[in-house]
Amino acid sequence: MADTKHEAAARLLGAYASGRPCEPVRDLVDGVEAAYAVQDLVTGHWLGQGRRLSGRKIGLTSTAVQRQLGVDSPDFGALFADMAVPDGAEIPDGAVLQPRAEAEVALVLEHDLTHERHTVADVIRATAFALPAIEVVGSRIRDWDITLADTVADNASSGMYVLGNRPVLLRDVDLRMAGMVMERRGEQVSTGLGTACLGHPLHAAVWLADTLARLGSPLRAGDTVLTGALGPVVPAKPGDVMEARIDGLGDVRVAFGGAA
């Protein structure tokens, strides 16, 4: 089993290195626990290369997507500091394989979250501020042919992320009823509400805090948490410009570079 986990990690890292998607890894991964072990191997590789963890992302917060993959809970992946893109900047073509964009709420923590079980109040007290975000997900798996095991092993299909620049205190925004609109060059392509994210983005953050504390890698002060998509995910092509607006949080924008 250990050999197949390392083989799965090597397959994914090969896709990173070549810039070409690979075959699914589910043939090498027996269950979700093994998939997270593969994710840990890939994360360990990147940390050994000098990359710095900047937080975590939550995926599969939509009940519709959960049903599609046959699961009843979210998943998570690692965020690295070099995945952060300045608001309004351009992502070079090929930097994210098979990119798709989704709008979500980001939380930036001021205190650690280390309890075995957290409450919403714990998360509120630990959060310095919220920001609008666009997560640019990507898949190292060819044609997004993924099962739960594939996406978990592939760092929850992480790519890059863009944060807005105007921090908002949680007491000043109703995240549950916050409406979201994402446009591609002015054309509306995705809409949603805070309720689409496990009923409330803070519920997703509680799930993540509990899960990571149980695994011995709790959320820490300074971490950024991407809480999950508020609406449908949108494929991104070279030349696209995506702008998302979330009620109470403001807007955030990212461009996708054209092919060389």
# chains A, B, ... in the order shown; residues from 1 in each chain; ligands from 1
>>> residues_around(residues="Ala8 in chain A", least_positions_apart="6", cutoff="10 Å", atoms="only C-alpha atoms", output="list of chain:residue names")
A:Ala2, A:Gly14, A:Glu23, A:Pro24, A:Val25, A:Arg26, A:Asp27, A:Leu28, A:Val29, A:Ala35, A:Val38, A:Gln39, A:Leu41, A:Val42, A:Asp150, A:Ala153, A:Asp154
>>> write_last_selection(atoms="C-alpha atoms", output="PDB file, in the first residue's frame")
ATOM      1  CA  ALA A   2       2.813   2.397   0.857  1.00  0.00           C
ATOM      2  CA  GLY A  14       4.725  14.334 -12.777  1.00  0.00           C
ATOM      3  CA  GLU A  23      -4.479   9.515 -15.576  1.00  0.00           C
ATOM      4  CA  PRO A  24      -6.670   9.245 -12.452  1.00  0.00           C
ATOM      5  CA  VAL A  25      -4.980   7.890  -9.330  1.00  0.00           C
ATOM      6  CA  ARG A  26      -7.970   6.016  -7.913  1.00  0.00           C
ATOM      7  CA  ASP A  27      -6.472   2.731  -9.121  1.00  0.00           C
ATOM      8  CA  LEU A  28      -3.633   3.341  -6.651  1.00  0.00           C
ATOM      9  CA  VAL A  29      -5.632   4.743  -3.741  1.00  0.00           C
ATOM     10  CA  ALA A  35      -6.058   9.649  -0.546  1.00  0.00           C
ATOM     11  CA  VAL A  38      -1.129  10.832  -0.855  1.00  0.00           C
ATOM     12  CA  GLN A  39      -2.032  14.501  -0.377  1.00  0.00           C
ATOM     13  CA  LEU A  41       3.136  13.102   0.505  1.00  0.00           C
ATOM     14  CA  VAL A  42       2.682  15.748  -2.179  1.00  0.00           C
ATOM     15  CA  ASP A 150      -8.732  11.543  -7.019  1.00  0.00           C
ATOM     16  CA  ALA A 153      -5.145  13.026  -3.393  1.00  0.00           C
ATOM     17  CA  ASP A 154      -4.770  15.960  -5.795  1.00  0.00           C
TER      18      ASP A 154
END
>>> select_by_dssp(residues="range 91-150 of chain A", states="strand (DSSP E or B)", output="ChimeraX atom specification")
/A:91,100-109,113,127-137,141
>>> residues_around(residues="range 204-219 of chain A", least_positions_apart="2", cutoff="9 Å", atoms="only C-alpha atoms", output="PyMOL selection string")
chain A and resi 55-58+61+74-76+107+109+111-120+122-123+197-202+221-223+225-228
>>> write_last_selection(atoms="N, CA and C atoms", output="mmCIF file, in the first residue's frame")
data_model
loop_
_atom_site.group_PDB
_atom_site.id
_atom_site.type_symbol
_atom_site.label_atom_id
_atom_site.label_comp_id
_atom_site.auth_asym_id
_atom_site.auth_seq_id
_atom_site.Cartn_x
_atom_site.Cartn_y
_atom_site.Cartn_z
ATOM 1 N N GLY A 55 -2.474 28.440 4.485
ATOM 2 C CA GLY A 55 -3.813 28.153 4.981
ATOM 3 C C GLY A 55 -4.367 26.882 4.370
ATOM 4 N N ARG A 56 -5.699 26.803 4.343
ATOM 5 C CA ARG A 56 -6.387 25.614 3.824
ATOM 6 C C ARG A 56 -7.601 26.044 3.011
ATOM 7 N N LYS A 57 -8.003 25.158 2.128
ATOM 8 C CA LYS A 57 -9.226 25.357 1.360
ATOM 9 C C LYS A 57 -10.188 24.221 1.669
ATOM 10 N N ILE A 58 -11.473 24.553 1.596
ATOM 11 C CA ILE A 58 -12.512 23.550 1.787
ATOM 12 C C ILE A 58 -13.191 23.332 0.441
ATOM 13 N N THR A 61 -18.436 21.645 -0.693
ATOM 14 C CA THR A 61 -19.396 22.213 0.265
ATOM 15 C C THR A 61 -20.807 22.276 -0.320
ATOM 16 N N PRO A 74 -17.536 17.536 3.252
ATOM 17 C CA PRO A 74 -16.562 18.251 2.411
ATOM 18 C C PRO A 74 -15.206 17.551 2.403
ATOM 19 N N ASP A 75 -14.270 18.142 1.684
ATOM 20 C CA ASP A 75 -12.876 17.736 1.771
ATOM 21 C C ASP A 75 -12.034 18.984 1.940
ATOM 22 N N PHE A 76 -10.724 18.819 2.088
ATOM 23 C CA PHE A 76 -9.848 19.980 2.271
ATOM 24 C C PHE A 76 -8.527 19.764 1.565
ATOM 25 N N LEU A 107 -11.704 33.588 5.075
ATOM 26 C CA LEU A 107 -11.504 34.037 6.452
ATOM 27 C C LEU A 107 -10.008 34.064 6.740
ATOM 28 N N LEU A 109 -7.394 34.216 9.904
ATOM 29 C CA LEU A 109 -7.458 33.958 11.336
ATOM 30 C C LEU A 109 -6.485 34.824 12.131
ATOM 31 N N HIS A 111 -6.341 33.951 15.651
ATOM 32 C CA HIS A 111 -6.000 33.030 16.738
ATOM 33 C C HIS A 111 -6.053 31.593 16.242
ATOM 34 N N ASP A 112 -5.328 30.714 16.929
ATOM 35 C CA ASP A 112 -5.346 29.294 16.605
ATOM 36 C C ASP A 112 -6.719 28.691 16.906
ATOM 37 N N LEU A 113 -7.023 27.589 16.232
ATOM 38 C CA LEU A 113 -8.238 26.815 16.494
ATOM 39 C C LEU A 113 -7.819 25.377 16.785
ATOM 40 N N THR A 114 -7.652 25.054 18.051
ATOM 41 C CA THR A 114 -7.021 23.797 18.437
ATOM 42 C C THR A 114 -7.925 22.856 19.225
ATOM 43 N N HIS A 115 -9.201 23.248 19.464
ATOM 44 C CA HIS A 115 -10.088 22.395 20.241
ATOM 45 C C HIS A 115 -10.466 21.143 19.451
ATOM 46 N N GLU A 116 -10.848 20.112 20.182
ATOM 47 C CA GLU A 116 -11.327 18.897 19.523
ATOM 48 C C GLU A 116 -12.653 19.158 18.814
ATOM 49 N N ARG A 117 -13.509 19.960 19.445
ATOM 50 C CA ARG A 117 -14.766 20.361 18.829
ATOM 51 C C ARG A 117 -14.916 21.873 18.974
ATOM 52 N N HIS A 118 -15.185 22.531 17.853
ATOM 53 C CA HIS A 118 -15.322 23.981 17.855
ATOM 54 C C HIS A 118 -16.780 24.383 17.681
ATOM 55 N N THR A 119 -17.086 25.569 18.147
ATOM 56 C CA THR A 119 -18.384 26.167 17.919
ATOM 57 C C THR A 119 -18.237 27.306 16.912
ATOM 58 N N VAL A 120 -19.376 27.774 16.400
ATOM 59 C CA VAL A 120 -19.338 28.943 15.521
ATOM 60 C C VAL A 120 -18.732 30.129 16.269
ATOM 61 N N ASP A 122 -16.411 30.039 18.499
ATOM 62 C CA ASP A 122 -14.952 29.879 18.488
ATOM 63 C C ASP A 122 -14.362 30.428 17.195
ATOM 64 N N VAL A 123 -15.001 30.100 16.081
ATOM 65 C CA VAL A 123 -14.497 30.552 14.780
ATOM 66 C C VAL A 123 -14.615 32.068 14.651
ATOM 67 N N CYS A 197 -22.996 27.240 0.937
ATOM 68 C CA CYS A 197 -21.758 26.691 1.514
ATOM 69 C C CYS A 197 -22.076 26.042 2.859
ATOM 70 N N LEU A 198 -22.557 24.801 2.815
ATOM 71 C CA LEU A 198 -22.934 24.046 4.026
ATOM 72 C C LEU A 198 -23.941 24.797 4.895
ATOM 73 N N GLY A 199 -24.759 25.626 4.278
ATOM 74 C CA GLY A 199 -25.747 26.395 5.022
ATOM 75 C C GLY A 199 -25.229 27.718 5.538
ATOM 76 N N HIS A 200 -23.927 27.832 5.686
ATOM 77 C CA HIS A 200 -23.282 29.070 6.168
ATOM 78 C C HIS A 200 -21.775 28.860 6.066
ATOM 79 N N PRO A 201 -21.021 29.826 5.510
ATOM 80 C CA PRO A 201 -19.570 29.656 5.419
ATOM 81 C C PRO A 201 -18.896 29.352 6.759
ATOM 82 N N LEU A 202 -19.445 29.867 7.867
ATOM 83 C CA LEU A 202 -18.848 29.563 9.169
ATOM 84 C C LEU A 202 -19.036 28.105 9.552
ATOM 85 N N ALA A 221 -3.094 30.954 13.739
ATOM 86 C CA ALA A 221 -3.194 32.395 13.506
ATOM 87 C C ALA A 221 -2.445 32.760 12.228
ATOM 88 N N GLY A 222 -3.063 33.585 11.406
ATOM 89 C CA GLY A 222 -2.470 33.982 10.135
ATOM 90 C C GLY A 222 -2.925 33.155 8.962
ATOM 91 N N ASP A 223 -3.534 31.988 9.219
ATOM 92 C CA ASP A 223 -4.006 31.138 8.121
ATOM 93 C C ASP A 223 -5.152 31.802 7.364
ATOM 94 N N VAL A 225 -8.444 30.791 5.178
ATOM 95 C CA VAL A 225 -9.352 29.668 4.964
ATOM 96 C C VAL A 225 -10.308 30.034 3.843
ATOM 97 N N LEU A 226 -10.260 29.279 2.749
ATOM 98 C CA LEU A 226 -11.247 29.422 1.680
ATOM 99 C C LEU A 226 -12.395 28.487 2.021
ATOM 100 N N THR A 227 -13.569 29.056 2.287
ATOM 101 C CA THR A 227 -14.643 28.284 2.913
ATOM 102 C C THR A 227 -15.486 27.476 1.936
ATOM 103 N N GLY A 228 -15.365 27.693 0.631
ATOM 104 C CA GLY A 228 -16.119 26.895 -0.319
ATOM 105 C C GLY A 228 -16.978 27.733 -1.246
#
>>> atom_distance(atom1="CA of Glu33 in chain A", atom2="CA of Val105 in chain A")
27.2 Å
>>> closest_residue(among="A:Gly70, A:Gly31, A:Pro132, A:Gly159", to="Asp247 in chain A", atoms="only C-alpha atoms")
A:Pro132
>>> residues_around(residues="Thr191 in chain A", least_positions_apart="4", cutoff="12 Å", atoms="only C-alpha atoms", output="list of chain:residue names")
A:Glu102, A:Ala103, A:Glu104, A:Ala178, A:Gly179, A:Met180, A:Val181, A:Met182, A:Glu183, A:Glu187, A:Thr195, A:Ala196, A:Ala229, A:Leu230, A:Gly231, A:Pro232, A:Val233, A:Val234, A:Glu243, A:Ala244, A:Arg245, A:Ile246, A:Asp247
>>> write_last_selection(atoms="N, CA and C atoms", output="PDB file, in the first residue's frame")
ATOM      1  N   GLU A 102     -14.273  29.841  -9.075  1.00  0.00           N
ATOM      2  CA  GLU A 102     -15.423  29.844  -8.184  1.00  0.00           C
ATOM      3  C   GLU A 102     -15.257  30.956  -7.162  1.00  0.00           C
ATOM      4  N   ALA A 103     -16.371  31.599  -6.818  1.00  0.00           N
ATOM      5  CA  ALA A 103     -16.345  32.702  -5.859  1.00  0.00           C
ATOM      6  C   ALA A 103     -16.698  32.187  -4.482  1.00  0.00           C
ATOM      7  N   GLU A 104     -16.006  32.701  -3.472  1.00  0.00           N
ATOM      8  CA  GLU A 104     -16.240  32.234  -2.111  1.00  0.00           C
ATOM      9  C   GLU A 104     -15.795  33.256  -1.082  1.00  0.00           C
ATOM     10  N   ALA A 178     -25.416  36.484   2.246  1.00  0.00           N
ATOM     11  CA  ALA A 178     -24.618  37.288   1.306  1.00  0.00           C
ATOM     12  C   ALA A 178     -24.792  36.747  -0.109  1.00  0.00           C
ATOM     13  N   GLY A 179     -25.279  37.597  -0.988  1.00  0.00           N
ATOM     14  CA  GLY A 179     -25.432  37.205  -2.383  1.00  0.00           C
ATOM     15  C   GLY A 179     -24.131  37.346  -3.150  1.00  0.00           C
ATOM     16  N   MET A 180     -23.927  36.438  -4.102  1.00  0.00           N
ATOM     17  CA  MET A 180     -22.708  36.460  -4.923  1.00  0.00           C
ATOM     18  C   MET A 180     -23.087  36.486  -6.392  1.00  0.00           C
ATOM     19  N   VAL A 181     -22.382  37.309  -7.157  1.00  0.00           N
ATOM     20  CA  VAL A 181     -22.491  37.323  -8.607  1.00  0.00           C
ATOM     21  C   VAL A 181     -21.078  37.293  -9.182  1.00  0.00           C
ATOM     22  N   MET A 182     -20.819  36.376 -10.095  1.00  0.00           N
ATOM     23  CA  MET A 182     -19.529  36.352 -10.787  1.00  0.00           C
ATOM     24  C   MET A 182     -19.776  36.557 -12.277  1.00  0.00           C
ATOM     25  N   GLU A 183     -18.962  37.436 -12.860  1.00  0.00           N
ATOM     26  CA  GLU A 183     -19.102  37.782 -14.265  1.00  0.00           C
ATOM     27  C   GLU A 183     -17.820  37.466 -15.019  1.00  0.00           C
ATOM     28  N   GLU A 187     -20.374  39.516 -18.373  1.00  0.00           N
ATOM     29  CA  GLU A 187     -21.485  38.580 -18.557  1.00  0.00           C
ATOM     30  C   GLU A 187     -21.632  37.708 -17.311  1.00  0.00           C
ATOM     31  N   THR A 195     -25.693  30.596   1.924  1.00  0.00           N
ATOM     32  CA  THR A 195     -26.329  29.347   2.346  1.00  0.00           C
ATOM     33  C   THR A 195     -25.885  28.154   1.505  1.00  0.00           C
ATOM     34  N   ALA A 196     -25.342  28.397   0.307  1.00  0.00           N
ATOM     35  CA  ALA A 196     -24.900  27.305  -0.561  1.00  0.00           C
ATOM     36  C   ALA A 196     -23.676  26.601  -0.002  1.00  0.00           C
ATOM     37  N   ALA A 229     -17.283  27.175  -2.388  1.00  0.00           N
ATOM     38  CA  ALA A 229     -17.972  27.912  -3.446  1.00  0.00           C
ATOM     39  C   ALA A 229     -19.379  28.328  -3.032  1.00  0.00           C
ATOM     40  N   LEU A 230     -19.759  29.543  -3.447  1.00  0.00           N
ATOM     41  CA  LEU A 230     -21.104  30.057  -3.198  1.00  0.00           C
ATOM     42  C   LEU A 230     -22.028  29.823  -4.387  1.00  0.00           C
ATOM     43  N   GLY A 231     -21.485  29.398  -5.505  1.00  0.00           N
ATOM     44  CA  GLY A 231     -22.279  29.176  -6.702  1.00  0.00           C
ATOM     45  C   GLY A 231     -21.538  28.249  -7.650  1.00  0.00           C
ATOM     46  N   PRO A 232     -22.108  28.016  -8.831  1.00  0.00           N
ATOM     47  CA  PRO A 232     -21.491  27.099  -9.787  1.00  0.00           C
ATOM     48  C   PRO A 232     -20.068  27.492 -10.179  1.00  0.00           C
ATOM     49  N   VAL A 233     -19.257  26.478 -10.400  1.00  0.00           N
ATOM     50  CA  VAL A 233     -17.882  26.669 -10.854  1.00  0.00           C
ATOM     51  C   VAL A 233     -17.888  26.909 -12.364  1.00  0.00           C
ATOM     52  N   VAL A 234     -17.000  27.808 -12.823  1.00  0.00           N
ATOM     53  CA  VAL A 234     -17.011  28.229 -14.220  1.00  0.00           C
ATOM     54  C   VAL A 234     -15.657  27.927 -14.874  1.00  0.00           C
ATOM     55  N   GLU A 243     -14.753  38.495 -12.501  1.00  0.00           N
ATOM     56  CA  GLU A 243     -14.940  39.415 -11.384  1.00  0.00           C
ATOM     57  C   GLU A 243     -16.111  38.936 -10.547  1.00  0.00           C
ATOM     58  N   ALA A 244     -15.890  38.813  -9.249  1.00  0.00           N
ATOM     59  CA  ALA A 244     -16.932  38.364  -8.332  1.00  0.00           C
ATOM     60  C   ALA A 244     -17.255  39.461  -7.335  1.00  0.00           C
ATOM     61  N   ARG A 245     -18.549  39.611  -7.047  1.00  0.00           N
ATOM     62  CA  ARG A 245     -19.014  40.544  -6.027  1.00  0.00           C
ATOM     63  C   ARG A 245     -19.836  39.784  -5.004  1.00  0.00           C
ATOM     64  N   ILE A 246     -19.516  39.993  -3.735  1.00  0.00           N
ATOM     65  CA  ILE A 246     -20.232  39.346  -2.642  1.00  0.00           C
ATOM     66  C   ILE A 246     -20.782  40.438  -1.734  1.00  0.00           C
ATOM     67  N   ASP A 247     -22.085  40.388  -1.493  1.00  0.00           N
ATOM     68  CA  ASP A 247     -22.732  41.420  -0.669  1.00  0.00           C
ATOM     69  C   ASP A 247     -22.033  41.558   0.678  1.00  0.00           C
TER      70      ASP A 247
END
>>> select_by_dssp(residues="range 121-190 of chain A", states="alpha helix (DSSP H)", output="ChimeraX atom specification")
/A:121-126,148-153
>>> closest_residue(among="A:Gly59, A:Gly186, A:Gly19, A:Pro238", to="Ser157 in chain A", atoms="only C-alpha atoms")
A:Gly59
>>> residues_around(residues="Arg142 in chain A", least_positions_apart="6", cutoff="10 Å", atoms="only C-alpha atoms", output="ChimeraX atom specification")
/A:15,20-24,97-98
>>> write_last_selection(atoms="C-alpha atoms", output="PDB file, in the first residue's frame")
ATOM      1  CA  ALA A  15       1.690  16.257 -14.015  1.00  0.00           C
ATOM      2  CA  ARG A  20       0.234  17.775 -18.800  1.00  0.00           C
ATOM      3  CA  PRO A  21      -2.670  16.140 -16.939  1.00  0.00           C
ATOM      4  CA  CYS A  22      -2.224  12.544 -15.862  1.00  0.00           C
ATOM      5  CA  GLU A  23      -4.479   9.515 -15.576  1.00  0.00           C
ATOM      6  CA  PRO A  24      -6.670   9.245 -12.452  1.00  0.00           C
ATOM      7  CA  LEU A  97      -4.060  22.911 -15.362  1.00  0.00           C
ATOM      8  CA  GLN A  98      -7.660  22.853 -16.619  1.00  0.00           C
TER       9      GLN A  98
END
>>> residues_around(residues="Ala130 in chain A", least_positions_apart="4", cutoff="8 Å", atoms="only C-alpha atoms", output="list in words")
Val105, Ala106, Leu107, Val108, Pro167, Val168, Leu169, Leu170 and Leu249 of chain A
>>> write_last_selection(atoms="N, CA and C atoms", output="PDB file, in the first residue's frame")
ATOM      1  N   VAL A 105     -16.088  32.936   0.157  1.00  0.00           N
ATOM      2  CA  VAL A 105     -15.707  33.780   1.286  1.00  0.00           C
ATOM      3  C   VAL A 105     -14.402  33.259   1.867  1.00  0.00           C
ATOM      4  N   ALA A 106     -13.441  34.147   2.058  1.00  0.00           N
ATOM      5  CA  ALA A 106     -12.189  33.800   2.724  1.00  0.00           C
ATOM      6  C   ALA A 106     -12.186  34.369   4.133  1.00  0.00           C
ATOM      7  N   LEU A 107     -11.704  33.588   5.075  1.00  0.00           N
ATOM      8  CA  LEU A 107     -11.504  34.037   6.452  1.00  0.00           C
ATOM      9  C   LEU A 107     -10.008  34.064   6.740  1.00  0.00           C
ATOM     10  N   VAL A 108      -9.548  35.101   7.392  1.00  0.00           N
ATOM     11  CA  VAL A 108      -8.153  35.189   7.820  1.00  0.00           C
ATOM     12  C   VAL A 108      -8.147  35.163   9.338  1.00  0.00           C
ATOM     13  N   PRO A 167     -10.601  44.320   4.068  1.00  0.00           N
ATOM     14  CA  PRO A 167     -11.016  43.415   5.137  1.00  0.00           C
ATOM     15  C   PRO A 167     -12.312  43.874   5.798  1.00  0.00           C
ATOM     16  N   VAL A 168     -13.166  42.916   6.114  1.00  0.00           N
ATOM     17  CA  VAL A 168     -14.460  43.206   6.724  1.00  0.00           C
ATOM     18  C   VAL A 168     -14.598  42.374   7.997  1.00  0.00           C
ATOM     19  N   LEU A 169     -14.975  43.025   9.098  1.00  0.00           N
ATOM     20  CA  LEU A 169     -15.214  42.301  10.344  1.00  0.00           C
ATOM     21  C   LEU A 169     -16.482  41.460  10.215  1.00  0.00           C
ATOM     22  N   LEU A 170     -16.493  40.293  10.844  1.00  0.00           N
ATOM     23  CA  LEU A 170     -17.648  39.406  10.734  1.00  0.00           C
ATOM     24  C   LEU A 170     -18.917  40.056  11.283  1.00  0.00           C
ATOM     25  N   LEU A 249     -19.013  42.262   1.291  1.00  0.00           N
ATOM     26  CA  LEU A 249     -17.562  42.037   1.243  1.00  0.00           C
ATOM     27  C   LEU A 249     -16.880  42.794   0.108  1.00  0.00           C
TER      28      LEU A 249
END
>>> closest_atom_pairs(of="range 106-211 of chain A", to="range 89-94 of chain A", cutoff="12 Å", atoms="only C-alpha atoms", output="tab-separated table")
residue	atom	partner	partner_atom	distance
A:Ile134	CA	A:Ala89	CA	11.9
A:Glu135	CA	A:Ile91	CA	11.9
A:Val136	CA	A:Ile91	CA	9.5
A:Gly138	CA	A:Gly94	CA	10.3
A:Ser139	CA	A:Gly94	CA	11.8
A:Arg140	CA	A:Gly94	CA	11.6
A:Gly159	CA	A:Ile91	CA	10.5
A:Met160	CA	A:Ile91	CA	8.6
A:Tyr161	CA	A:Ile91	CA	10.0
A:Val162	CA	A:Ala89	CA	8.6
A:Leu163	CA	A:Ala89	CA	10.8
A:Gly164	CA	A:Ala89	CA	11.4
